[in-house]
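Source file: work_20.txt (compact mmCIF, C-alpha atoms)
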```txt
# COMPACT_ATOMS: atom_id res chain seq x y z
CA MET A 1239 34.86 -43.59 -108.92
CA VAL A 1240 33.78 -45.67 -111.87
CA ASP A 1241 34.50 -44.38 -115.32
CA TYR A 1242 30.89 -44.24 -116.48
CA LYS A 1243 30.13 -43.02 -119.94
CA THR A 1244 26.52 -43.08 -121.01
CA ALA A 1245 25.82 -44.12 -124.57
CA ASP A 1246 23.66 -41.02 -124.93
CA LYS A 1247 26.08 -38.15 -125.57
CA ALA A 1248 23.47 -35.62 -124.44
CA GLN A 1249 23.50 -37.19 -120.94
CA ARG A 1250 27.29 -37.21 -120.52
CA PRO A 1251 27.64 -33.65 -119.16
CA ALA A 1252 25.05 -34.42 -116.45
CA VAL A 1253 26.80 -37.66 -115.49
CA ILE A 1254 30.18 -35.89 -115.34
CA ALA A 1255 28.64 -33.13 -113.20
CA GLU A 1256 27.21 -35.78 -110.84
CA GLY A 1257 30.61 -37.47 -110.51
CA ASP A 1258 32.33 -34.14 -109.87
CA PHE A 1259 29.68 -33.26 -107.28
CA LEU A 1260 30.19 -36.56 -105.44
CA LEU A 1261 33.93 -36.02 -105.22
CA ALA A 1262 33.41 -32.47 -103.92
CA TYR A 1263 30.75 -33.56 -101.43
CA PHE A 1264 32.86 -36.42 -100.07
CA TYR A 1265 35.73 -33.96 -99.69
CA ALA A 1266 33.43 -31.61 -97.76
CA ASP A 1267 32.54 -34.51 -95.49
CA TYR A 1268 36.25 -35.35 -95.14
CA THR A 1269 37.03 -31.78 -94.05
CA GLY A 1270 34.31 -31.66 -91.41
CA GLY A 1271 31.94 -29.71 -93.65
CA ARG A 1272 34.39 -26.86 -94.13
CA ASP A 1273 34.94 -27.16 -97.88
CA THR A 1274 32.09 -25.68 -99.93
CA ARG A 1275 33.11 -26.45 -103.51
CA TRP A 1276 30.20 -28.90 -103.76
CA GLU A 1277 27.83 -25.93 -103.85
CA SER A 1278 28.78 -25.08 -107.44
CA TYR A 1279 27.26 -28.39 -108.57
CA VAL A 1280 23.94 -27.85 -106.79
CA ALA A 1281 21.22 -25.34 -107.67
CA PRO A 1282 20.64 -22.87 -104.81
CA SER A 1283 17.13 -24.26 -104.25
CA ALA A 1284 18.55 -27.74 -103.52
CA ARG A 1285 21.51 -26.80 -101.29
CA GLY A 1286 19.65 -26.58 -97.98
CA VAL A 1287 19.37 -30.27 -97.18
CA LEU A 1288 23.02 -30.91 -98.05
CA ALA A 1289 24.21 -27.94 -96.00
CA GLN A 1290 22.19 -29.27 -93.05
CA ASP A 1291 23.71 -32.74 -93.50
CA LEU A 1292 27.22 -31.24 -93.44
CA ALA A 1293 26.45 -29.19 -90.31
CA VAL A 1294 25.66 -32.07 -87.95
CA PRO A 1295 28.21 -33.05 -85.27
CA ASP A 1296 28.87 -36.42 -86.94
CA VAL A 1297 30.36 -34.39 -89.80
CA THR A 1298 31.76 -31.29 -88.11
CA THR A 1299 33.82 -33.30 -85.60
CA GLU A 1300 34.69 -36.28 -87.78
CA SER A 1301 36.53 -37.21 -90.94
CA PHE A 1302 37.25 -40.60 -92.48
CA THR A 1303 40.02 -42.75 -93.78
CA GLY A 1304 39.85 -45.48 -96.38
CA THR A 1305 37.97 -45.84 -99.62
CA ILE A 1306 34.47 -44.89 -100.70
CA ARG A 1307 33.42 -46.80 -103.79
CA VAL A 1308 30.97 -45.27 -106.28
CA TRP A 1309 29.71 -47.67 -108.92
CA ARG A 1310 26.71 -48.78 -110.98
CA MET A 1311 26.05 -45.26 -112.30
CA SER A 1312 23.12 -44.88 -114.66
CA ALA A 1313 21.36 -42.00 -116.34
CA LEU A 1314 17.76 -41.71 -117.45
CA PRO A 1315 15.82 -38.87 -119.02
CA ALA A 1316 13.55 -37.09 -116.55
CA SER A 1317 10.76 -34.56 -117.00
CA GLY A 1318 11.39 -31.17 -118.55
CA GLY A 1319 14.73 -32.05 -120.09
CA SER A 1320 16.22 -33.05 -116.74
CA ILE A 1321 18.34 -36.15 -116.26
CA GLN A 1322 18.15 -38.58 -113.37
CA VAL A 1323 21.56 -39.90 -112.38
CA SER A 1324 21.85 -42.70 -109.85
CA GLU A 1325 24.76 -44.60 -108.38
CA CYS A 1326 25.58 -47.09 -105.68
CA VAL A 1327 27.81 -45.91 -102.85
CA ASP A 1328 29.82 -48.37 -100.77
CA THR A 1329 31.51 -46.99 -97.63
CA ALA A 1330 32.41 -50.38 -96.11
CA ALA A 1331 36.15 -49.74 -96.61
CA ALA A 1332 36.02 -46.30 -94.96
CA LYS A 1333 36.28 -45.69 -91.23
CA ASN A 1334 35.10 -42.63 -89.33
CA THR A 1335 37.90 -40.75 -87.59
CA ASN A 1336 38.26 -37.90 -85.14
CA LEU A 1337 38.71 -34.74 -87.24
CA THR A 1338 41.30 -33.26 -84.89
CA THR A 1339 43.43 -36.30 -84.03
CA GLY A 1340 42.81 -38.58 -87.00
CA ALA A 1341 42.21 -41.52 -84.65
CA VAL A 1342 39.76 -44.14 -85.90
CA LEU A 1343 36.56 -43.96 -83.84
CA PRO A 1344 35.22 -46.99 -81.93
CA ALA A 1345 33.00 -49.53 -83.68
CA SER A 1346 29.94 -48.00 -82.01
CA GLU A 1347 30.59 -44.80 -84.01
CA GLN A 1348 30.97 -46.50 -87.40
CA ASN A 1349 28.20 -47.23 -89.90
CA SER A 1350 26.19 -50.39 -89.41
CA ALA A 1351 27.14 -53.13 -91.85
CA ASP A 1352 24.06 -52.52 -94.00
CA GLY A 1353 24.35 -48.72 -93.60
CA ASN A 1354 27.48 -48.84 -95.76
CA TYR A 1355 25.53 -49.56 -98.95
CA SER A 1356 23.17 -47.07 -100.55
CA LEU A 1357 21.53 -46.06 -103.80
CA GLU A 1358 21.80 -42.31 -104.41
CA ILE A 1359 19.53 -40.55 -106.93
CA ASP A 1360 19.83 -36.95 -108.08
CA ILE A 1361 17.95 -34.99 -110.70
CA LEU A 1362 20.09 -32.62 -112.76
CA GLY A 1363 18.97 -29.75 -114.93
CA GLU A 1364 20.85 -27.58 -117.37
CA SER A 1365 21.02 -23.83 -116.96
CA HIS A 1366 23.23 -21.58 -119.10
CA GLY A 1367 25.23 -24.58 -120.35
CA MET A 1368 25.94 -25.91 -116.86
CA TRP A 1369 24.41 -29.02 -115.32
CA GLN A 1370 23.42 -28.75 -111.66
CA ILE A 1371 21.57 -30.92 -109.20
CA THR A 1372 18.06 -29.57 -108.82
CA LYS A 1373 16.57 -32.32 -106.66
CA ILE A 1374 18.10 -34.81 -104.26
CA GLU A 1375 16.21 -37.98 -103.39
CA ASN A 1376 16.66 -39.58 -99.98
CA PRO A 1377 19.24 -42.36 -100.13
CA ILE A 1378 17.92 -45.91 -100.23
CA TYR A 1379 19.93 -48.25 -98.02
CA TYR A 1380 20.48 -51.99 -98.13
CA PRO A 1381 18.45 -54.25 -97.94
CA LEU A 1382 16.01 -52.10 -99.95
CA ALA A 1383 18.86 -51.22 -102.32
CA SER A 1384 19.97 -54.84 -102.69
CA GLU A 1385 21.69 -54.06 -106.01
CA CYS A 1386 24.16 -51.87 -104.11
CA LYS A 1387 25.68 -54.52 -101.86
CA PRO A 1388 28.51 -56.32 -103.65
```

As structure tokens, the full file:
Amino acid sequence: MVDYKTADKAQRPAVIAEGDFLLAYFYADYTGGRDTRWESYVAPSARGVLAQDLAVPDVTTESFTGTIRVWRMSALPASGGSIQVSECVDTAAAKNTNLTTGAVLPASEQNSADGNYSLEIDILGESHGMWQITKIENPIYYPLASECKP
């Protein structure tokens, strides 16, 4: 995880919340969707799509080994006092494994080369002093997210 600090001090809590969310979400993926700590970083109205993503067999029967790189974080003001936080995610150094045995899965069950690079965009809002994700955009994959392939 990059150590991103926005120059705008008002945006820092949202960026930190996004980084904490990513770590919790990747851990949920690592545990086959069993860990739910990611939910505290997401407003109830935005949890459905993530819960569905963590309930598919590719998650519930798999884990991963290796490194997921998060970089090129940026924050921009959004409507209504919200903040848009985006980052590039690089999973090229991670391999899908069988959740039970830990064995690395065959190449046919790994991401495609270009499917390892994505631009993730979340909208965060503040409620009672806590920043939470209120909207999750669909990931943009390489080659459309050309800035996210090192």

Which of A:Val1280, A:Ala1331, A:Leu1288, A:Leu1314 sits closest to Asp1258 of chain A [using all atoms listed in the file]: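 With all atoms listed in the file as the atom set, the closest residue is A:Val1280.
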
Point (33.6, -35.6, -82.1) neighbourhood (9 Å, all atoms listed in the file) written as a VMD selection string: chain A and resid 1295 to 1300 1335 to 1338

Limited to C-alpha atoms, could you put the picked residues into a file as a CSV table (one decimal), in the coordinates of the input?
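As written to disk, again_5.csv reads:
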```csv
chain,number,residue,atom,x,y,z
A,1295,PRO,CA,28.2,-33.0,-85.3
A,1296,ASP,CA,28.9,-36.4,-86.9
A,1297,VAL,CA,30.4,-34.4,-89.8
A,1298,THR,CA,31.8,-31.3,-88.1
A,1299,THR,CA,33.8,-33.3,-85.6
A,1300,GLU,CA,34.7,-36.3,-87.8
A,1335,THR,CA,37.9,-40.8,-87.6
A,1336,ASN,CA,38.3,-37.9,-85.1
A,1337,LEU,CA,38.7,-34.7,-87.2
A,1338,THR,CA,41.3,-33.3,-84.9
```

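Of the residues listed (A:Gln1249, A:Ser1278, A:Thr1303, A:Ser1356), A:Thr1303 shows the shortest atom-to-atom separation from Ala1341 of chain A; distances use only C-alpha atoms.
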
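As for atom CA of Leu1261 of chain A and atom CA of Ser1384 of chain A, they are spaced 23.6 Å apart.
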
Of the listed residues A:Leu1292, A:Leu1260, A:Ala1351, A:Ala1248, that which approaches Trp1309 of chain A most closely, counting all atoms listed in the file: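 With all atoms listed in the file as the atom set, the closest residue is A:Leu1260.
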
Counting only C-alpha atoms, the residue of A:Met1311, A:Ala1316, A:Ala1266, A:Ala1281 that sits nearest Ala1293 of chain A: A:Ala1266

For the point (39.7, -46.2, -93.9) in file coordinates, what residues are within 7 Å, counting only C-alpha atoms? Give the answer as a CSV table (one decimal) with C-alpha atoms, in the coordinates of the input?
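And here's out_11.csv as it stands now:
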```csv
chain,number,residue,atom,x,y,z
A,1302,PHE,CA,37.2,-40.6,-92.5
A,1303,THR,CA,40.0,-42.8,-93.8
A,1304,GLY,CA,39.8,-45.5,-96.4
A,1305,THR,CA,38.0,-45.8,-99.6
A,1331,ALA,CA,36.2,-49.7,-96.6
A,1332,ALA,CA,36.0,-46.3,-95.0
A,1333,LYS,CA,36.3,-45.7,-91.2
```

Atom CA of Ala1284 of chain A to atom CA of Gln1348 of chain A, distance in Å rounded to a single decimal: 27.7 Å

Length of the atom CA of Ser1320 of chain A to atom CA of Lys1387 of chain A vector [Å]: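 Computing it gives 27.8 Å between the two atoms.
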
Among listed residues A:Thr1269, A:Ser1301, A:Thr1329, A:Gln1370, nearest Pro1251 of chain A (using only C-alpha atoms): A:Gln1370

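When all atoms listed in the file are used to compute distances to Arg1307 of chain A, the closest of the residues A:Ser1324, A:Thr1274, A:Asn1354, A:Ser1283 turns out to be A:Asn1354.
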
Residue neighbourhood Ile1321 of chain A, 8 Å, all atoms listed in the file, exclusion window fewer than 3 positions, as a PyMOL selection string: chain A and resi 1249+1252+1313-1317+1361-1363

Residue contacts of Asn1376 of chain A (8 Å, only C-alpha atoms) excluding same-chain residues fewer than 2 positions away, as a PDB file with C-alpha atoms, in the frame of the given file:
```pdb
ATOM      1  CA  GLU A1358      21.800 -42.310-104.410  1.00  0.00           C
ATOM      2  CA  ILE A1359      19.530 -40.550-106.930  1.00  0.00           C
ATOM      3  CA  ILE A1374      18.100 -34.810-104.260  1.00  0.00           C
ATOM      4  CA  ILE A1378      17.920 -45.910-100.230  1.00  0.00           C
TER       5      ILE A1378
END
```

File contents for segment 1260-1292 of chain A with N, CA and C atoms as a CSV table (one decimal), in the first residue's frame:
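Here's the written file out_8.csv:
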```csv
chain,number,residue,atom,x,y,z
A,1260,LEU,N,-9.5,-1.0,1.7
A,1260,LEU,CA,-8.9,-1.9,0.8
A,1260,LEU,C,-8.2,-3.0,1.5
A,1261,LEU,N,-7.5,-2.7,2.5
A,1261,LEU,CA,-6.8,-3.8,3.3
A,1261,LEU,C,-7.9,-4.8,3.9
A,1262,ALA,N,-8.9,-4.3,4.4
A,1262,ALA,CA,-10.0,-5.2,5.0
A,1262,ALA,C,-10.7,-6.0,3.9
A,1263,TYR,N,-10.9,-5.4,2.7
A,1263,TYR,CA,-11.6,-6.1,1.6
A,1263,TYR,C,-10.7,-7.2,1.0
A,1264,PHE,N,-9.4,-6.8,0.9
A,1264,PHE,CA,-8.5,-7.9,0.4
A,1264,PHE,C,-8.4,-9.0,1.4
A,1265,TYR,N,-8.4,-8.7,2.7
A,1265,TYR,CA,-8.4,-9.8,3.7
A,1265,TYR,C,-9.6,-10.6,3.6
A,1266,ALA,N,-10.8,-10.0,3.3
A,1266,ALA,CA,-12.0,-10.8,3.2
A,1266,ALA,C,-11.9,-11.7,2.0
A,1267,ASP,N,-11.3,-11.2,0.9
A,1267,ASP,CA,-11.1,-12.0,-0.3
A,1267,ASP,C,-10.2,-13.2,0.1
A,1268,TYR,N,-9.1,-12.9,0.8
A,1268,TYR,CA,-8.1,-13.9,1.2
A,1268,TYR,C,-8.7,-15.0,2.0
A,1269,THR,N,-9.7,-14.6,2.9
A,1269,THR,CA,-10.4,-15.6,3.8
A,1269,THR,C,-11.6,-16.3,3.1
A,1270,GLY,N,-11.7,-16.2,1.8
A,1270,GLY,CA,-12.9,-16.8,1.2
A,1270,GLY,C,-14.2,-16.1,1.4
A,1271,GLY,N,-14.1,-14.8,1.7
A,1271,GLY,CA,-15.3,-14.0,2.0
A,1271,GLY,C,-15.8,-14.1,3.4
A,1272,ARG,N,-15.1,-14.8,4.3
A,1272,ARG,CA,-15.6,-15.0,5.6
A,1272,ARG,C,-15.4,-13.8,6.6
A,1273,ASP,N,-14.4,-13.0,6.3
A,1273,ASP,CA,-14.1,-11.9,7.2
A,1273,ASP,C,-15.0,-10.7,6.8
A,1274,THR,N,-15.6,-10.0,7.7
A,1274,THR,CA,-16.6,-9.0,7.4
A,1274,THR,C,-16.2,-7.6,7.9
A,1275,ARG,N,-14.9,-7.4,8.3
A,1275,ARG,CA,-14.5,-6.1,8.8
A,1275,ARG,C,-14.6,-5.0,7.8
A,1276,TRP,N,-14.6,-5.3,6.5
A,1276,TRP,CA,-14.7,-4.3,5.5
A,1276,TRP,C,-16.0,-3.6,5.6
A,1277,GLU,N,-17.0,-4.2,6.1
A,1277,GLU,CA,-18.3,-3.6,6.2
A,1277,GLU,C,-18.3,-2.2,6.9
A,1278,SER,N,-17.5,-2.1,7.9
A,1278,SER,CA,-17.5,-0.9,8.7
A,1278,SER,C,-17.0,0.3,7.9
A,1279,TYR,N,-16.4,0.1,6.8
A,1279,TYR,CA,-15.9,1.2,5.9
A,1279,TYR,C,-16.8,1.5,4.8
A,1280,VAL,N,-18.0,0.8,4.8
A,1280,VAL,CA,-18.9,1.0,3.7
A,1280,VAL,C,-20.3,1.3,4.2
A,1281,ALA,N,-20.9,2.3,3.7
A,1281,ALA,CA,-22.3,2.7,4.1
A,1281,ALA,C,-23.2,1.5,3.8
A,1282,PRO,N,-24.2,1.2,4.6
A,1282,PRO,CA,-25.1,0.1,4.4
A,1282,PRO,C,-25.7,0.1,3.0
A,1283,SER,N,-26.0,1.2,2.4
A,1283,SER,CA,-26.6,1.3,1.1
A,1283,SER,C,-25.6,0.9,0.0
A,1284,ALA,N,-24.3,0.8,0.3
A,1284,ALA,CA,-23.4,0.5,-0.8
A,1284,ALA,C,-22.7,-0.9,-0.5
A,1285,ARG,N,-23.2,-1.7,0.5
A,1285,ARG,CA,-22.6,-3.0,0.8
A,1285,ARG,C,-23.0,-4.1,-0.1
A,1286,GLY,N,-24.2,-4.0,-0.7
A,1286,GLY,CA,-24.7,-5.1,-1.5
A,1286,GLY,C,-23.8,-5.7,-2.6
A,1287,VAL,N,-23.3,-4.8,-3.4
A,1287,VAL,CA,-22.5,-5.3,-4.5
A,1287,VAL,C,-21.2,-5.9,-4.1
A,1288,LEU,N,-20.7,-5.4,-3.0
A,1288,LEU,CA,-19.4,-6.0,-2.5
A,1288,LEU,C,-19.7,-7.3,-1.8
A,1289,ALA,N,-20.8,-7.4,-1.1
A,1289,ALA,CA,-21.2,-8.7,-0.5
A,1289,ALA,C,-21.4,-9.8,-1.6
A,1290,GLN,N,-22.1,-9.4,-2.7
A,1290,GLN,CA,-22.3,-10.3,-3.8
A,1290,GLN,C,-21.0,-10.7,-4.4
A,1291,ASP,N,-20.0,-9.8,-4.5
A,1291,ASP,CA,-18.7,-10.1,-5.1
A,1291,ASP,C,-18.0,-11.1,-4.2
A,1292,LEU,N,-18.1,-11.0,-2.9
A,1292,LEU,CA,-17.5,-11.9,-2.0
A,1292,LEU,C,-18.2,-13.2,-1.8
```
